[in-house]
>>> print(open('entry-v5.cif').read())   # mmCIF, C-alpha atoms (C1' of nucleotides)
data_final
loop_
_atom_site.label_atom_id
_atom_site.label_comp_id
_atom_site.auth_asym_id
_atom_site.auth_seq_id
_atom_site.Cartn_x
_atom_site.Cartn_y
_atom_site.Cartn_z
CA MET R 1 24.31 16.34 15.53
CA HIS R 2 25.84 13.12 14.24
CA SER R 3 28.88 13.74 12.08
CA PHE R 4 29.26 12.33 8.60
CA SER R 5 32.42 10.42 9.48
CA SER R 6 30.91 8.73 12.53
CA TYR R 7 27.88 7.86 10.40
CA LEU R 8 30.14 6.20 7.83
CA LEU R 9 32.33 4.47 10.40
CA ALA R 10 29.24 2.83 11.86
CA TYR R 11 28.87 1.05 8.54
CA SER R 12 32.45 -0.01 8.09
CA ASN R 13 35.80 0.51 9.76
CA ILE R 14 37.31 1.98 6.66
CA PRO R 15 40.96 3.10 6.98
CA ASN R 16 41.54 6.71 7.84
CA SER R 17 43.34 7.45 4.61
CA SER R 18 40.38 6.34 2.52
CA LEU R 19 37.93 8.14 4.74
CA GLU R 20 39.83 11.37 4.25
CA VAL R 21 39.89 10.95 0.48
CA LEU R 22 36.16 10.38 0.55
CA LEU R 23 35.28 13.27 2.83
CA LYS R 24 37.33 15.64 0.71
CA LEU R 25 34.79 15.21 -2.09
CA PHE R 26 32.01 16.74 0.02
CA THR R 27 31.28 20.43 0.39
CA PRO R 28 28.61 22.05 2.58
CA ARG R 29 25.56 23.77 1.12
CA HIS R 30 22.76 25.69 2.79
CA PHE R 31 19.11 25.60 1.78
CA LYS R 32 15.88 27.35 2.62
CA LYS R 33 12.54 25.82 3.47
CA ASN R 34 10.67 24.65 0.34
CA ASP R 35 13.85 24.55 -1.76
CA PHE R 36 14.14 21.52 -3.99
CA TYR R 37 17.17 19.31 -3.72
CA ALA R 38 16.11 17.06 -6.61
CA ARG R 39 13.26 17.09 -9.08
CA ALA R 40 11.68 14.32 -11.10
CA GLY R 41 12.90 14.36 -14.67
CA GLU R 42 16.30 15.87 -13.89
CA HIS R 43 19.51 13.98 -14.30
CA ALA R 44 20.82 13.25 -10.84
CA LYS R 45 24.51 13.76 -10.28
CA LYS R 46 24.93 14.57 -6.60
CA ILE R 47 24.52 12.81 -3.33
CA GLY R 48 24.31 14.47 0.06
CA PHE R 49 24.67 13.88 3.77
CA LEU R 50 22.03 15.74 5.74
CA GLU R 51 23.47 17.66 8.65
CA GLU R 52 20.68 19.98 9.75
CA GLY R 53 17.01 20.27 8.84
CA ILE R 54 14.18 18.08 7.58
CA MET R 55 13.58 16.93 4.02
CA ARG R 56 11.00 14.82 2.28
CA ALA R 57 11.13 12.61 -0.81
CA TYR R 58 7.94 12.16 -2.78
CA TYR R 59 6.49 10.77 -5.96
CA GLN R 60 4.12 12.74 -8.14
CA ASN R 61 1.64 11.20 -10.57
CA ASP R 62 0.30 12.55 -13.88
CA LYS R 63 -2.47 14.43 -12.11
CA GLY R 64 0.04 16.23 -9.91
CA GLU R 65 -0.92 14.34 -6.76
CA GLU R 66 1.97 13.93 -4.35
CA PHE R 67 2.89 10.80 -2.37
CA ASN R 68 5.43 11.19 0.39
CA LYS R 69 7.81 8.33 0.46
CA LEU R 70 10.37 9.18 3.12
CA PHE R 71 11.46 11.88 5.53
CA PHE R 72 15.10 12.68 6.16
CA MET R 73 16.80 14.02 9.27
CA ASN R 74 20.36 14.01 10.53
CA PRO R 75 22.08 11.66 10.21
CA SER R 76 21.18 10.35 6.79
CA ILE R 77 22.28 10.12 3.23
CA VAL R 78 20.01 12.05 0.91
CA GLY R 79 19.66 11.86 -2.82
CA PRO R 80 17.87 10.26 -5.71
CA TYR R 81 19.73 7.05 -5.03
CA SER R 82 17.95 4.84 -7.56
CA ALA R 83 18.54 7.36 -10.32
CA LEU R 84 22.21 7.73 -9.39
CA ILE R 85 22.65 3.98 -9.64
CA THR R 86 20.76 3.40 -12.86
CA GLY R 87 21.80 6.61 -14.60
CA GLU R 88 18.17 7.27 -15.48
CA THR R 89 16.43 10.54 -14.70
CA ASN R 90 15.00 11.06 -11.22
CA LYS R 91 11.69 9.47 -10.49
CA ILE R 92 11.38 11.26 -7.17
CA ASN R 93 11.37 14.80 -5.87
CA ILE R 94 13.32 15.80 -2.78
CA GLN R 95 12.37 18.97 -0.99
CA TRP R 96 13.36 20.82 2.15
CA LEU R 97 10.65 21.09 4.79
CA THR R 98 12.80 23.40 6.91
CA ASP R 99 15.95 25.46 6.42
CA GLY R 100 19.00 23.26 6.60
CA THR R 101 22.45 22.23 5.46
CA LEU R 102 24.00 19.19 3.86
CA LEU R 103 27.33 17.97 2.58
CA GLU R 104 27.36 17.28 -1.11
CA ALA R 105 29.50 15.38 -3.59
CA ASN R 106 29.38 14.20 -7.17
CA PHE R 107 28.33 10.59 -7.07
CA GLN R 108 30.55 9.76 -10.02
CA ASP R 109 33.58 11.14 -8.16
CA ILE R 110 32.89 8.61 -5.42
CA ILE R 111 32.61 5.76 -7.89
CA ASP R 112 35.90 6.86 -9.42
CA LEU R 113 37.55 6.19 -6.08
CA TYR R 114 36.65 2.49 -6.13
CA PRO R 115 39.65 1.21 -8.17
CA ASP R 116 42.21 2.68 -5.80
CA ASN R 117 40.15 2.46 -2.61
CA ARG R 118 38.62 -0.91 -2.24
CA SER R 119 37.33 -0.08 1.22
CA ILE R 120 35.14 2.64 -0.24
CA GLU R 121 33.44 0.26 -2.61
CA SER R 122 33.04 -2.12 0.30
CA LEU R 123 31.47 0.66 2.35
CA ASN R 124 29.07 1.40 -0.46
CA ARG R 125 28.13 -2.25 -0.69
CA LYS R 126 27.14 -2.17 2.95
CA ILE R 127 25.19 1.02 2.47
CA ALA R 128 23.33 -0.42 -0.52
CA GLU R 129 22.51 -3.53 1.49
CA ASP R 130 21.31 -1.46 4.40
CA PHE R 131 19.16 0.69 2.13
CA PHE R 132 17.60 -2.46 0.77
CA VAL R 133 16.81 -3.74 4.24
CA LYS R 134 15.21 -0.45 5.22
CA LYS R 135 13.19 -0.30 2.03
CA GLU R 136 11.92 -3.80 2.62
CA LYS R 137 10.85 -2.86 6.13
CA ARG R 138 8.85 0.00 4.72
CA GLU R 139 7.30 -2.27 2.12
CA MET R 140 6.35 -4.69 4.86
CA SER R 141 4.59 -1.99 6.82
CA LEU R 142 2.75 -0.74 3.72
CA VAL R 143 1.57 -4.23 2.90
CA MET R 144 0.71 -5.65 6.31
CA PHE R 145 -0.59 -2.76 8.37
CA ASP R 146 -3.63 -0.58 8.04
CA ALA R 147 -3.39 3.19 8.23
CA ALA R 148 -3.92 3.39 12.01
CA GLU R 149 -1.15 0.88 12.64
CA ARG R 150 1.18 2.63 10.19
CA TYR R 151 0.51 5.86 12.04
CA ALA R 152 1.58 4.22 15.29
CA VAL R 153 4.75 2.96 13.59
CA PHE R 154 5.42 6.41 12.23
CA GLN R 155 5.08 7.96 15.67
CA LYS R 156 7.57 5.53 17.12
CA GLU R 157 10.02 5.85 14.27
CA PHE R 158 9.93 9.64 13.88
CA PRO R 159 8.94 11.09 17.26
CA GLU R 160 10.68 14.36 16.37
CA LEU R 161 8.67 14.82 13.21
CA GLU R 162 5.10 14.64 14.40
CA ASN R 163 5.07 18.20 15.69
CA ASN R 164 7.49 19.68 13.21
CA ILE R 165 5.88 18.97 9.88
CA ALA R 166 2.40 19.45 8.47
CA GLN R 167 -0.25 16.82 9.13
CA TYR R 168 -0.91 16.48 5.44
CA HIS R 169 2.68 15.44 4.91
CA ILE R 170 2.24 12.70 7.47
CA ALA R 171 -1.06 11.67 5.91
CA SER R 172 0.60 11.44 2.52
CA TYR R 173 3.36 9.28 3.98
CA LEU R 174 0.74 6.98 5.47
CA GLY R 175 -1.09 6.73 2.16
CA ILE R 176 -4.29 8.38 3.38
CA THR R 177 -5.98 11.77 3.20
CA PRO R 178 -5.62 14.40 5.93
CA THR R 179 -9.31 13.80 6.61
CA GLN R 180 -8.70 10.18 7.39
CA LEU R 181 -5.67 10.93 9.54
CA SER R 182 -7.79 13.37 11.47
CA ARG R 183 -10.34 10.64 12.07
CA ILE R 184 -7.65 8.22 13.24
CA ARG R 185 -6.28 10.82 15.63
CA ALA R 186 -9.75 11.60 16.94
CA LYS R 187 -10.46 7.95 17.58
CA LYS R 188 -7.29 7.56 19.62
CA GLY R 189 -8.33 10.37 21.93
CA MET U 1 16.31 -21.15 -19.27
CA HIS U 2 18.77 -18.44 -18.38
CA SER U 3 21.90 -19.84 -16.82
CA PHE U 4 23.27 -18.63 -13.52
CA SER U 5 26.57 -17.52 -15.02
CA SER U 6 24.96 -15.45 -17.76
CA TYR U 7 22.70 -13.92 -15.12
CA LEU U 8 25.74 -12.92 -13.07
CA LEU U 9 27.75 -11.71 -16.04
CA ALA U 10 24.92 -9.35 -16.94
CA TYR U 11 25.63 -7.60 -13.65
CA SER U 12 29.38 -7.45 -13.90
CA ASN U 13 32.12 -8.73 -16.17
CA ILE U 14 33.78 -10.60 -13.38
CA PRO U 15 36.93 -12.55 -14.39
CA ASN U 16 36.44 -16.18 -15.25
CA SER U 17 38.59 -17.41 -12.41
CA SER U 18 36.43 -15.67 -9.80
CA LEU U 19 33.25 -16.76 -11.48
CA GLU U 20 34.37 -20.37 -11.28
CA VAL U 21 35.24 -20.06 -7.61
CA LEU U 22 31.83 -18.60 -6.97
CA LEU U 23 29.87 -21.13 -8.98
CA LYS U 24 31.64 -23.97 -7.24
CA LEU U 25 29.86 -23.02 -4.01
CA PHE U 26 26.46 -23.79 -5.52
CA THR U 27 24.79 -27.16 -5.67
CA PRO U 28 21.46 -28.04 -7.27
CA ARG U 29 18.42 -29.01 -5.21
CA HIS U 30 14.98 -30.16 -6.26
CA PHE U 31 11.73 -29.23 -4.61
CA LYS U 32 8.07 -30.13 -4.78
CA LYS U 33 5.09 -27.83 -5.02
CA ASN U 34 4.18 -26.31 -1.63
CA ASP U 35 7.63 -27.04 -0.17
CA PHE U 36 9.04 -24.22 1.90
CA TYR U 37 12.41 -22.78 1.03
CA ALA U 38 12.48 -20.42 4.02
CA ARG U 39 10.22 -19.82 6.97
CA ALA U 40 9.77 -16.79 9.19
CA GLY U 41 11.61 -17.21 12.47
CA GLU U 42 14.32 -19.46 11.10
CA HIS U 43 17.92 -18.41 10.85
CA ALA U 44 18.68 -17.98 7.20
CA LYS U 45 21.96 -19.33 5.95
CA LYS U 46 21.50 -20.13 2.28
CA ILE U 47 20.89 -18.23 -0.89
CA GLY U 48 19.65 -19.72 -4.16
CA PHE U 49 19.45 -19.15 -7.85
CA LEU U 50 16.10 -20.26 -9.25
CA GLU U 51 16.47 -22.41 -12.34
CA GLU U 52 13.06 -23.96 -12.83
CA GLY U 53 9.67 -23.38 -11.24
CA ILE U 54 7.73 -20.60 -9.54
CA MET U 55 8.09 -19.43 -5.95
CA ARG U 56 6.46 -16.81 -3.79
CA ALA U 57 7.71 -14.76 -0.85
CA TYR U 58 5.16 -13.61 1.68
CA TYR U 59 4.69 -11.98 5.04
CA GLN U 60 2.39 -13.38 7.67
CA ASN U 61 0.85 -11.36 10.49
CA ASP U 62 -0.13 -12.44 14.00
CA LYS U 63 -3.55 -13.54 12.82
CA GLY U 64 -2.01 -15.83 10.24
CA GLU U 65 -3.07 -13.70 7.29
CA GLU U 66 -0.65 -13.93 4.37
CA PHE U 67 0.59 -11.09 2.18
CA ASN U 68 2.40 -12.00 -0.99
CA LYS U 69 5.32 -9.78 -1.58
CA LEU U 70 7.07 -11.17 -4.64
CA PHE U 71 7.00 -13.99 -7.14
CA PHE U 72 10.17 -15.63 -8.43
CA MET U 73 10.87 -17.25 -11.77
CA ASN U 74 14.04 -18.08 -13.66
CA PRO U 75 16.28 -16.20 -13.74
CA SER U 76 16.40 -14.79 -10.25
CA ILE U 77 18.17 -14.93 -6.96
CA VAL U 78 15.97 -16.31 -4.21
CA GLY U 79 16.39 -16.14 -0.48
CA PRO U 80 15.61 -14.21 2.66
CA TYR U 81 18.05 -11.53 1.54
CA SER U 82 17.37 -9.03 4.31
CA ALA U 83 17.84 -11.67 6.97
CA LEU U 84 21.06 -12.90 5.38
CA ILE U 85 22.43 -9.38 5.45
CA THR U 86 21.38 -8.44 8.95
CA GLY U 87 21.91 -11.83 10.54
CA GLU U 88 18.48 -11.64 12.12
CA THR U 89 15.88 -14.33 11.73
CA ASN U 90 13.75 -14.43 8.59
CA LYS U 91 10.82 -12.06 8.47
CA ILE U 92 9.48 -13.66 5.31
CA ASN U 93 8.38 -17.07 4.12
CA ILE U 94 9.41 -18.44 0.74
CA GLN U 95 7.40 -21.26 -0.76
CA TRP U 96 7.30 -23.20 -3.99
CA LEU U 97 4.17 -22.75 -6.07
CA THR U 98 5.27 -25.47 -8.51
CA ASP U 99 7.86 -28.21 -8.56
CA GLY U 100 11.27 -26.83 -9.36
CA THR U 101 15.02 -26.67 -8.91
CA LEU U 102 17.51 -24.12 -7.70
CA LEU U 103 21.23 -23.78 -7.12
CA GLU U 104 22.10 -23.20 -3.50
CA ALA U 105 25.08 -21.94 -1.51
CA ASN U 106 25.91 -20.85 1.99
CA PHE U 107 25.77 -17.10 2.02
CA GLN U 108 28.65 -16.90 4.46
CA ASP U 109 30.84 -18.92 2.09
CA ILE U 110 30.27 -16.24 -0.53
CA ILE U 111 31.17 -13.47 1.88
CA ASP U 112 34.32 -15.36 2.78
CA LEU U 113 35.41 -15.03 -0.83
CA TYR U 114 35.48 -11.24 -0.70
CA PRO U 115 39.01 -10.75 0.68
CA ASP U 116 40.66 -12.76 -2.09
CA ASN U 117 38.14 -11.98 -4.83
CA ARG U 118 37.42 -8.31 -4.96
CA SER U 119 35.36 -8.73 -8.09
CA ILE U 120 32.89 -10.88 -6.17
CA GLU U 121 32.29 -8.21 -3.59
CA SER U 122 31.92 -5.73 -6.41
CA LEU U 123 29.38 -8.00 -8.06
CA ASN U 124 27.45 -8.20 -4.83
CA ARG U 125 27.48 -4.44 -4.51
CA LYS U 126 25.83 -4.19 -7.90
CA ILE U 127 23.31 -6.83 -6.97
CA ALA U 128 22.44 -5.05 -3.73
CA GLU U 129 22.02 -1.79 -5.61
CA ASP U 130 19.84 -3.46 -8.20
CA PHE U 131 17.70 -5.07 -5.52
CA PHE U 132 17.22 -1.67 -3.95
CA VAL U 133 16.14 -0.15 -7.25
CA LYS U 134 13.63 -2.93 -7.84
CA LYS U 135 12.28 -2.68 -4.33
CA GLU U 136 11.80 1.04 -4.74
CA LYS U 137 9.89 0.48 -7.96
CA ARG U 138 7.56 -1.85 -6.14
CA GLU U 139 7.11 0.66 -3.33
CA MET U 140 6.27 3.29 -5.92
CA SER U 141 3.57 1.14 -7.43
CA LEU U 142 2.12 0.30 -4.01
CA VAL U 143 1.99 3.94 -3.06
CA MET U 144 0.87 5.61 -6.28
CA PHE U 145 -1.47 3.18 -7.98
CA ASP U 146 -4.86 1.81 -7.04
CA ALA U 147 -5.59 -1.90 -7.20
CA ALA U 148 -6.82 -1.86 -10.81
CA GLU U 149 -3.67 -0.09 -11.97
CA ARG U 150 -1.45 -2.40 -9.97
CA TYR U 151 -3.19 -5.33 -11.61
CA ALA U 152 -2.36 -3.91 -15.03
CA VAL U 153 1.27 -3.49 -13.94
CA PHE U 154 1.33 -7.05 -12.67
CA GLN U 155 0.01 -8.38 -15.97
CA LYS U 156 2.70 -6.56 -17.89
CA GLU U 157 5.47 -7.56 -15.52
CA PHE U 158 4.54 -11.22 -15.06
CA PRO U 159 2.64 -12.28 -18.18
CA GLU U 160 3.65 -15.89 -17.59
CA LEU U 161 2.21 -15.95 -14.10
CA GLU U 162 -1.37 -14.88 -14.61
CA ASN U 163 -2.49 -18.29 -15.83
CA ASN U 164 -0.08 -20.39 -13.80
CA ILE U 165 -0.84 -19.41 -10.24
CA ALA U 166 -4.02 -19.08 -8.22
CA GLN U 167 -6.04 -15.89 -8.40
CA TYR U 168 -5.89 -15.50 -4.65
CA HIS U 169 -2.12 -15.35 -4.81
CA ILE U 170 -2.36 -12.53 -7.31
CA ALA U 171 -4.96 -10.77 -5.19
CA SER U 172 -2.69 -11.04 -2.18
CA TYR U 173 0.18 -9.57 -4.17
CA LEU U 174 -2.04 -6.68 -5.18
CA GLY U 175 -3.13 -6.09 -1.60
CA ILE U 176 -6.80 -6.88 -2.18
CA THR U 177 -9.19 -9.78 -1.64
CA PRO U 178 -9.99 -12.32 -4.35
CA THR U 179 -13.47 -10.83 -4.37
CA GLN U 180 -12.16 -7.44 -5.31
CA LEU U 181 -9.81 -8.85 -7.96
CA SER U 182 -12.78 -10.63 -9.44
CA ARG U 183 -14.67 -7.34 -9.63
CA ILE U 184 -11.72 -5.63 -11.30
CA ARG U 185 -11.44 -8.42 -13.84
CA ALA U 186 -15.19 -8.31 -14.50
CA LYS U 187 -15.12 -4.57 -15.10
CA LYS U 188 -12.34 -4.90 -17.67
CA GLY U 189 -14.42 -7.30 -19.74
"C1'" DT N 1 -1.23 43.90 16.05
"C1'" DC N 2 -4.31 42.18 13.00
"C1'" DA N 3 -5.69 40.80 8.52
"C1'" DA N 4 -4.60 37.22 5.35
"C1'" DT N 5 -3.30 32.78 4.62
"C1'" DT N 6 -2.58 28.19 5.64
"C1'" DT N 7 -3.63 24.15 8.07
"C1'" DC N 8 -6.56 21.12 10.71
"C1'" DT N 9 -10.90 19.27 11.79
"C1'" DT N 10 -15.57 18.13 10.96
"C1'" DT N 11 -19.55 16.84 8.31
"C1'" DA N 12 -22.42 14.68 4.74
"C1'" DC N 13 -22.27 11.97 1.10
"C1'" DA N 14 -20.05 8.87 -2.47
"C1'" DA N 15 -16.94 5.32 -3.88
"C1'" DA N 16 -14.00 1.49 -3.01
"C1'" DT N 17 -13.15 -2.49 -0.70
"C1'" DG N 18 -13.95 -6.10 2.82
"C1'" DT N 19 -16.82 -10.02 4.77
"C1'" DA N 20 -19.64 -13.86 4.55
"C1'" DA N 21 -22.28 -16.92 2.19
"C1'" DA N 22 -24.03 -19.12 -2.01
"C1'" DT N 23 -23.21 -20.85 -6.56
"C1'" DG N 24 -21.00 -22.91 -10.31
"C1'" DC N 25 -17.05 -24.80 -12.54
"C1'" DA N 26 -13.10 -27.67 -13.21
"C1'" DA N 27 -9.76 -30.71 -11.71
"C1'" DT N 28 -8.94 -34.85 -8.87
"C1'" DT N 29 -9.91 -39.03 -6.75
"C1'" DC N 30 -11.97 -43.22 -6.02
"C1'" DG F 1 -18.27 -41.33 -14.35
"C1'" DA F 2 -19.91 -39.95 -9.75
"C1'" DA F 3 -18.43 -37.76 -5.79
"C1'" DT F 4 -15.32 -34.70 -3.76
"C1'" DT F 5 -12.51 -30.89 -3.38
"C1'" DG F 6 -10.63 -26.44 -4.31
"C1'" DC F 7 -11.12 -22.27 -6.57
"C1'" DA F 8 -13.35 -18.24 -8.94
"C1'" DT F 9 -17.25 -15.58 -9.11
"C1'" DT F 10 -21.29 -13.31 -7.53
"C1'" DT F 11 -24.32 -11.09 -4.29
"C1'" DA F 12 -25.86 -8.41 -0.27
"C1'" DC F 13 -24.45 -5.91 3.19
"C1'" DA F 14 -20.94 -3.57 6.33
"C1'" DT F 15 -16.88 -0.92 6.84
"C1'" DT F 16 -13.31 1.98 5.48
"C1'" DT F 17 -11.75 5.65 3.10
"C1'" DG F 18 -12.19 9.42 -0.20
"C1'" DT F 19 -14.28 13.95 -1.78
"C1'" DA F 20 -15.93 18.37 -1.23
"C1'" DA F 21 -17.15 22.01 1.43
"C1'" DA F 22 -17.40 24.63 5.59
"C1'" DG F 23 -15.75 26.33 9.78
"C1'" DA F 24 -12.18 26.57 13.50
"C1'" DA F 25 -7.57 27.10 14.75
"C1'" DA F 26 -2.97 28.29 13.99
"C1'" DT F 27 0.54 30.70 11.57
"C1'" DT F 28 2.44 34.29 8.80
"C1'" DG F 29 3.63 38.66 7.22
"C1'" DA F 30 2.89 43.48 6.57
#
>>> encode(input="entry-v5.cif", output="structure tokens")
Amino acid sequence: MHSFSSYLLAYSNIPNSSLEVLLKLFTPRHFKKNDFYARAGEHAKKIGFLEEGIMRAYYQNDKGEEFNKLFFMNPSIVGPYSALITGETNKINIQWLTDGTLLEANFQDIIDLYPDNRSIESLNRKIAEDFFVKKEKREMSLVMFDAAERYAVFQKEFPELENNIAQYHIASYLGITPTQLSRIRAKKG
Amino acid sequence: MHSFSSYLLAYSNIPNSSLEVLLKLFTPRHFKKNDFYARAGEHAKKIGFLEEGIMRAYYQNDKGEEFNKLFFMNPSIVGPYSALITGETNKINIQWLTDGTLLEANFQDIIDLYPDNRSIESLNRKIAEDFFVKKEKREMSLVMFDAAERYAVFQKEFPELENNIAQYHIASYLGITPTQLSRIRAKKG
DNA sequence: TCAATTTCTTTACAAATGTAAATGCAATTC
DNA sequence: GAATTGCATTTACATTTGTAAAGAAATTGA
């Protein structure tokens, strides 16, 4: 398992003193499969670092249809990031697909560190930039590739996931029905 | 026209001294319709603030097919942002759809201001966060809505564009062919 | 263990969208 | 103002994907 501090240090060589202040804000929490970490409509306050387990983030439309948007595994930051930034209510749901644990902190407590810990704001700048880059990559794949190609990308990017989560979750991530994914798989042999 | 400084001040009430230092890095440049501002494969160095005109950003696949990803109008920051952040070569093309002007600076020169101008790094954190939020919104609409709904969203979001750019550019942005856009328009009456 | 449940695949059909070609319209050029 | 060019629309047909339902396979829980 990748530790939270090594994950952060890969972004930025933040001084040890600041890192300690930051880590002190986080406490571990355990969850069960199918638990929700965030729900659309709620007011997000917390951000997490996923240590163990698999999670998914998804949108839900008026008709209740679900659209998987991202899967999370260690190491990664987990939370309704857009909502935390804008202060609006969550647009996305985040749910556990397995049992697991994460480290959790109040996002506002982190922001409150900025004035006295410049390096922490700098770290968060880099994280925001990185999130943007990743999001753009995903957009690119949604726009340019058809479902079969996106499936190939998915398999490369998340080799651990293919056999650990339901096919219909993968189909939803690819933007197709389980039926269609089944056809794509069949065609590949 | 929205000025660059008012655009920046809406993000962050950065002190006047820092704002001046920042603005001094930018110089105006004029372009003609169909000019390229950035091309895939190049090494991006510059970032711009669009003052006048319309631009598009698009991906291009191996077969040469183009996929519009975003349109730009005043006020907005324009540039191969992901490439500037990662230091990799541009993945996207940016092209003028009309004549126009923008203010331009070396991105590295801005970064070099961070150590002595904390407020500028803070501003850029907010910008990165905002870009992420906007990108996620776009992802949401790509994933959840069908072409007809995305067209309605486009019309609301870019009312000025509908009659100022070619239909096939809009179709490309929506992820459909001009034929299909024509059918959607016909159905609406 | 085994019945119940969930998930995956398959099938037939329907709907949405793409492709290619033809047409008409409007702007541009000479 | 006639010819040219580029663009939007329309049409017929092909392809992709969705929907609904059924059956097979895998998983779960008593």
>>> residues_around(input="entry-v5.cif", residues="region 4-7 of chain F", least_positions_apart="3", cutoff="12 Å", atoms="all atoms listed in the file", output="list in words")
Ile165, Ala166, Gln167, Tyr168, His169, Pro178 and Thr179 of chain U; DG24, DC25, DA26, DA27, DT28, DT29 and DC30 of chain N
>>> interface_residues(input="entry-v5.cif", of="chain F", to="chain R", cutoff="12 Å", atoms="all atoms listed in the file", output="ChimeraX atom specification")
/F:16-20,26-27
>>> resolve_selection(input="entry-v5.cif", expression="the PyMOL selection byres ((chain U and resi 146) around 12)", output="ChimeraX atom specification")
/R:61,175 /U:140-145,147-153,174-176,180-181,184 /N:16-17
>>> atom_distance(input="entry-v5.cif", atom1="CA of Asp130 (chain U)", atom2="CA of Asn13 (chain U)")
15.6 Å
>>> resolve_selection(input="entry-v5.cif", expression="the PyMOL selection byres ((chain N and resi 9) around 7)", output="ChimeraX atom specification")
/R:182 /N:8,10
>>> atom_distance(input="entry-v5.cif", atom1="CA of Asn164 (chain R)", atom2="CA of Leu102 (chain R)")
19.0 Å
>>> atom_distance(input="entry-v5.cif", atom1="CA of Ser5 (chain U)", atom2="CA of Gly87 (chain R)")
24.6 Å
>>> resolve_selection(input="entry-v5.cif", expression="the PyMOL selection byres ((chain R and resi 123) around 8)", output="PyMOL selection string")
chain R and resi 8+11-12+14+119-122+124-127
>>> closest_residue(input="entry-v5.cif", among="R:Val133, R:Leu9, R:Asp112, R:Val78", to="Asn90 (chain U)", atoms="all atoms listed in the file")
R:Val133
>>> residues_around(input="entry-v5.cif", residues="DA4 (chain N)", least_positions_apart="4", cutoff="12 Å", atoms="all atoms listed in the file", output="PyMOL selection string")
chain F and resi 27-30
>>> closest_residue(input="entry-v5.cif", among="U:Arg183, U:Lys45, U:Phe131, U:Met1", to="chain N", atoms="all atoms listed in the file")
U:Arg183
>>> residues_around(input="entry-v5.cif", residues="Asp109 (chain R)", least_positions_apart="3", cutoff="12 Å", atoms="only C-alpha atoms (C1' of nucleotides)", output="PyMOL selection string")
chain R and resi 21-26+45-47+84+104-106+112-115+120
>>> residues_around(input="entry-v5.cif", residues="Glu129 (chain R)", least_positions_apart="5", cutoff="8 Å", atoms="only C-alpha atoms (C1' of nucleotides)", output="JSON list (two decimals) with C-alpha atoms, in the coordinates of the input")
[["chain", "number", "residue", "atom", "x", "y", "z"],
["U", 85, "ILE", "CA", 22.43, -9.38, 5.45],
["U", 125, "ARG", "CA", 27.48, -4.44, -4.51],
["U", 128, "ALA", "CA", 22.44, -5.05, -3.73],
["U", 129, "GLU", "CA", 22.02, -1.79, -5.61],
["U", 132, "PHE", "CA", 17.22, -1.67, -3.95]]
>>> closest_residue(input="entry-v5.cif", among="N:DT11, N:DT1, N:DT6, N:DT19", to="chain U", atoms="only C-alpha atoms (C1' of nucleotides)")
N:DT19
